[in-house]
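Novice: Starting off with a structure, shown below.
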Amino acid sequence: AQWIQFEPQNSRKEFSINYALSNRNYSNRIGLHYATGLTISGWSFVAGLNRRWAQEGFIEGTSYDAKGFYLGIGKSISNCQSISLIIIKAPVNRGKSSPGTKEVYDLNSDHYYNSYWGFQEGKKRNSRQVVSNIPMALLNYSWNIRDNIKLQAGLMGLSGKYSNTRI
């Protein structure tokens, strides 16, 4: 489980662009984020795009391509009530790495040996690809009844596709 505070009215006003290099599952990450903060009229907006990718990750034969998009719209109805809608989409396509045992490590002298990849018609290919595309939308209502009593109600919907390939 994970707790994420993602109501647009709680985001500070900002615009950011970031880029990172890594030597793990993905080697590149780029992100763009914008938030209006809470406007005088009580509206707030937040939006972002990001992508993580690698032709090949730290473990041989593991490709990685993940994108992310989000949009949030919030409205403060009064000092104690707010409503927000958040839409998130994060499609992923990645090559898996095989589990290893000490015997496999000893035979290959490689702690990062991956038996799921090989060459097919001259191209490197992973036999186990994960493809995931499950967009979701969240509608949230919040009411601070008193200092120590808060009511939150939410509705979430998601639908999409998750698949694993195997040869």
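Ordered as shown in the structure tokens, chains take letters A, B, and onward, while each chain numbers its residues from 1 and ligands are numbered from 1 in the order shown.
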What parts of chain A does DSSP call helix (DSSP H, G or I)? I'd like the answer as a list in words.

Specialist: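 Helix (DSSP H, G or I) assignments inside chain A correspond to Pro8, Gln9, Asn10, Lys102, Glu103, Val104, Tyr105, Asp106, Leu107 and Asn108 of chain A.
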
Novice: Please provide the set of residues having any atom within 9 Å of Arg52 (chain A), restricted to only C-alpha atoms, with same-chain residues fewer than 6 positions apart removed, written as a PyMOL selection string.

Specialist: chain A and resi 26-31+64-68

Novice: Quick one: which region 25-124 of chain A residues come within 9 Å of region 139-147 of chain A, and what is the nearest atom pair for each with the distance in Å to one decimal, counting only C-alpha atoms, rows ordered by chain and ascending number, as JSON lines?

Specialist:
```
{"residue": "A:Asn79", "atom": "CA", "partner": "A:Asn144", "partner_atom": "CA", "distance": 8.5}
{"residue": "A:Cys80", "atom": "CA", "partner": "A:Asn144", "partner_atom": "CA", "distance": 4.9}
{"residue": "A:Gln81", "atom": "CA", "partner": "A:Trp143", "partner_atom": "CA", "distance": 4.4}
{"residue": "A:Ser82", "atom": "CA", "partner": "A:Ser142", "partner_atom": "CA", "distance": 5.3}
{"residue": "A:Ile83", "atom": "CA", "partner": "A:Tyr141", "partner_atom": "CA", "distance": 4.5}
{"residue": "A:Ser84", "atom": "CA", "partner": "A:Asn140", "partner_atom": "CA", "distance": 5.2}
{"residue": "A:Leu85", "atom": "CA", "partner": "A:Leu139", "partner_atom": "CA", "distance": 4.6}
{"residue": "A:Ile86", "atom": "CA", "partner": "A:Leu139", "partner_atom": "CA", "distance": 6.6}
{"residue": "A:Ile87", "atom": "CA", "partner": "A:Leu139", "partner_atom": "CA", "distance": 8.9}
```

Novice: Suppose we keep all heavy atoms; can you now write the selection as a PDB file, in the first residue's frame?

Specialist:
```pdb
ATOM      1  N   ASN A  79     -13.960  27.355   3.074  1.00  0.00           N
ATOM      2  CA  ASN A  79     -12.751  27.165   3.877  1.00  0.00           C
ATOM      3  C   ASN A  79     -12.611  25.735   4.366  1.00  0.00           C
ATOM      4  O   ASN A  79     -11.512  25.298   4.695  1.00  0.00           O
ATOM      5  CB  ASN A  79     -12.750  28.108   5.080  1.00  0.00           C
ATOM      6  CG  ASN A  79     -12.452  29.527   4.671  1.00  0.00           C
ATOM      7  OD1 ASN A  79     -11.939  29.764   3.576  1.00  0.00           O
ATOM      8  ND2 ASN A  79     -12.786  30.471   5.525  1.00  0.00           N
ATOM      9  N   CYS A  80     -13.727  24.992   4.443  1.00  0.00           N
ATOM     10  CA  CYS A  80     -13.673  23.627   4.979  1.00  0.00           C
ATOM     11  C   CYS A  80     -13.967  22.527   3.965  1.00  0.00           C
ATOM     12  O   CYS A  80     -13.856  21.374   4.314  1.00  0.00           O
ATOM     13  CB  CYS A  80     -14.652  23.425   6.119  1.00  0.00           C
ATOM     14  SG  CYS A  80     -15.390  24.780   6.886  1.00  0.00           S
ATOM     15  N   GLN A  81     -14.361  22.864   2.740  1.00  0.00           N
ATOM     16  CA  GLN A  81     -14.741  21.827   1.781  1.00  0.00           C
ATOM     17  C   GLN A  81     -14.001  22.014   0.459  1.00  0.00           C
ATOM     18  O   GLN A  81     -13.789  23.133   0.010  1.00  0.00           O
ATOM     19  CB  GLN A  81     -16.240  21.879   1.499  1.00  0.00           C
ATOM     20  CG  GLN A  81     -17.100  21.597   2.709  1.00  0.00           C
ATOM     21  CD  GLN A  81     -18.562  21.683   2.352  1.00  0.00           C
ATOM     22  OE1 GLN A  81     -19.043  20.851   1.593  1.00  0.00           O
ATOM     23  NE2 GLN A  81     -19.253  22.684   2.880  1.00  0.00           N
ATOM     24  N   SER A  82     -13.641  20.880  -0.139  1.00  0.00           N
ATOM     25  CA  SER A  82     -12.995  20.914  -1.451  1.00  0.00           C
ATOM     26  C   SER A  82     -13.336  19.650  -2.222  1.00  0.00           C
ATOM     27  O   SER A  82     -13.712  18.628  -1.651  1.00  0.00           O
ATOM     28  CB  SER A  82     -11.480  21.057  -1.311  1.00  0.00           C
ATOM     29  OG  SER A  82     -10.939  19.915  -0.682  1.00  0.00           O
ATOM     30  N   ILE A  83     -13.198  19.749  -3.522  1.00  0.00           N
ATOM     31  CA  ILE A  83     -13.428  18.611  -4.409  1.00  0.00           C
ATOM     32  C   ILE A  83     -12.316  18.609  -5.445  1.00  0.00           C
ATOM     33  O   ILE A  83     -11.813  19.672  -5.837  1.00  0.00           O
ATOM     34  CB  ILE A  83     -14.825  18.666  -5.064  1.00  0.00           C
ATOM     35  CG1 ILE A  83     -15.134  17.353  -5.771  1.00  0.00           C
ATOM     36  CG2 ILE A  83     -14.961  19.873  -5.982  1.00  0.00           C
ATOM     37  CD1 ILE A  83     -16.601  17.177  -6.116  1.00  0.00           C
ATOM     38  N   SER A  84     -11.879  17.432  -5.852  1.00  0.00           N
ATOM     39  CA  SER A  84     -10.809  17.349  -6.839  1.00  0.00           C
ATOM     40  C   SER A  84     -10.989  16.141  -7.744  1.00  0.00           C
ATOM     41  O   SER A  84     -11.593  15.137  -7.360  1.00  0.00           O
ATOM     42  CB  SER A  84      -9.443  17.302  -6.164  1.00  0.00           C
ATOM     43  OG  SER A  84      -9.348  16.183  -5.317  1.00  0.00           O
ATOM     44  N   LEU A  85     -10.473  16.264  -8.952  1.00  0.00           N
ATOM     45  CA  LEU A  85     -10.462  15.187  -9.935  1.00  0.00           C
ATOM     46  C   LEU A  85      -9.030  15.022 -10.411  1.00  0.00           C
ATOM     47  O   LEU A  85      -8.383  16.000 -10.807  1.00  0.00           O
ATOM     48  CB  LEU A  85     -11.369  15.515 -11.121  1.00  0.00           C
ATOM     49  CG  LEU A  85     -11.320  14.526 -12.287  1.00  0.00           C
ATOM     50  CD1 LEU A  85     -11.899  13.173 -11.879  1.00  0.00           C
ATOM     51  CD2 LEU A  85     -12.053  15.088 -13.491  1.00  0.00           C
ATOM     52  N   ILE A  86      -8.527  13.800 -10.364  1.00  0.00           N
ATOM     53  CA  ILE A  86      -7.166  13.504 -10.786  1.00  0.00           C
ATOM     54  C   ILE A  86      -7.221  12.379 -11.809  1.00  0.00           C
ATOM     55  O   ILE A  86      -7.892  11.365 -11.588  1.00  0.00           O
ATOM     56  CB  ILE A  86      -6.269  13.086  -9.600  1.00  0.00           C
ATOM     57  CG1 ILE A  86      -6.124  14.251  -8.616  1.00  0.00           C
ATOM     58  CG2 ILE A  86      -4.892  12.681 -10.078  1.00  0.00           C
ATOM     59  CD1 ILE A  86      -6.803  14.009  -7.332  1.00  0.00           C
ATOM     60  N   ILE A  87      -6.513  12.558 -12.921  1.00  0.00           N
ATOM     61  CA  ILE A  87      -6.438  11.546 -13.981  1.00  0.00           C
ATOM     62  C   ILE A  87      -4.965  11.188 -14.163  1.00  0.00           C
ATOM     63  O   ILE A  87      -4.119  12.072 -14.307  1.00  0.00           O
ATOM     64  CB  ILE A  87      -7.043  12.070 -15.287  1.00  0.00           C
ATOM     65  CG1 ILE A  87      -8.523  12.397 -15.068  1.00  0.00           C
ATOM     66  CG2 ILE A  87      -6.866  11.063 -16.411  1.00  0.00           C
ATOM     67  CD1 ILE A  87      -9.142  13.220 -16.155  1.00  0.00           C
TER      68      ILE A  87
END
```

Novice: Nearest to Gln129 (chain A): which of A:Ile167, A:Ile40, A:Ala35, A:Ile88 is it, counting only C-alpha atoms?

Specialist: A:Ile167
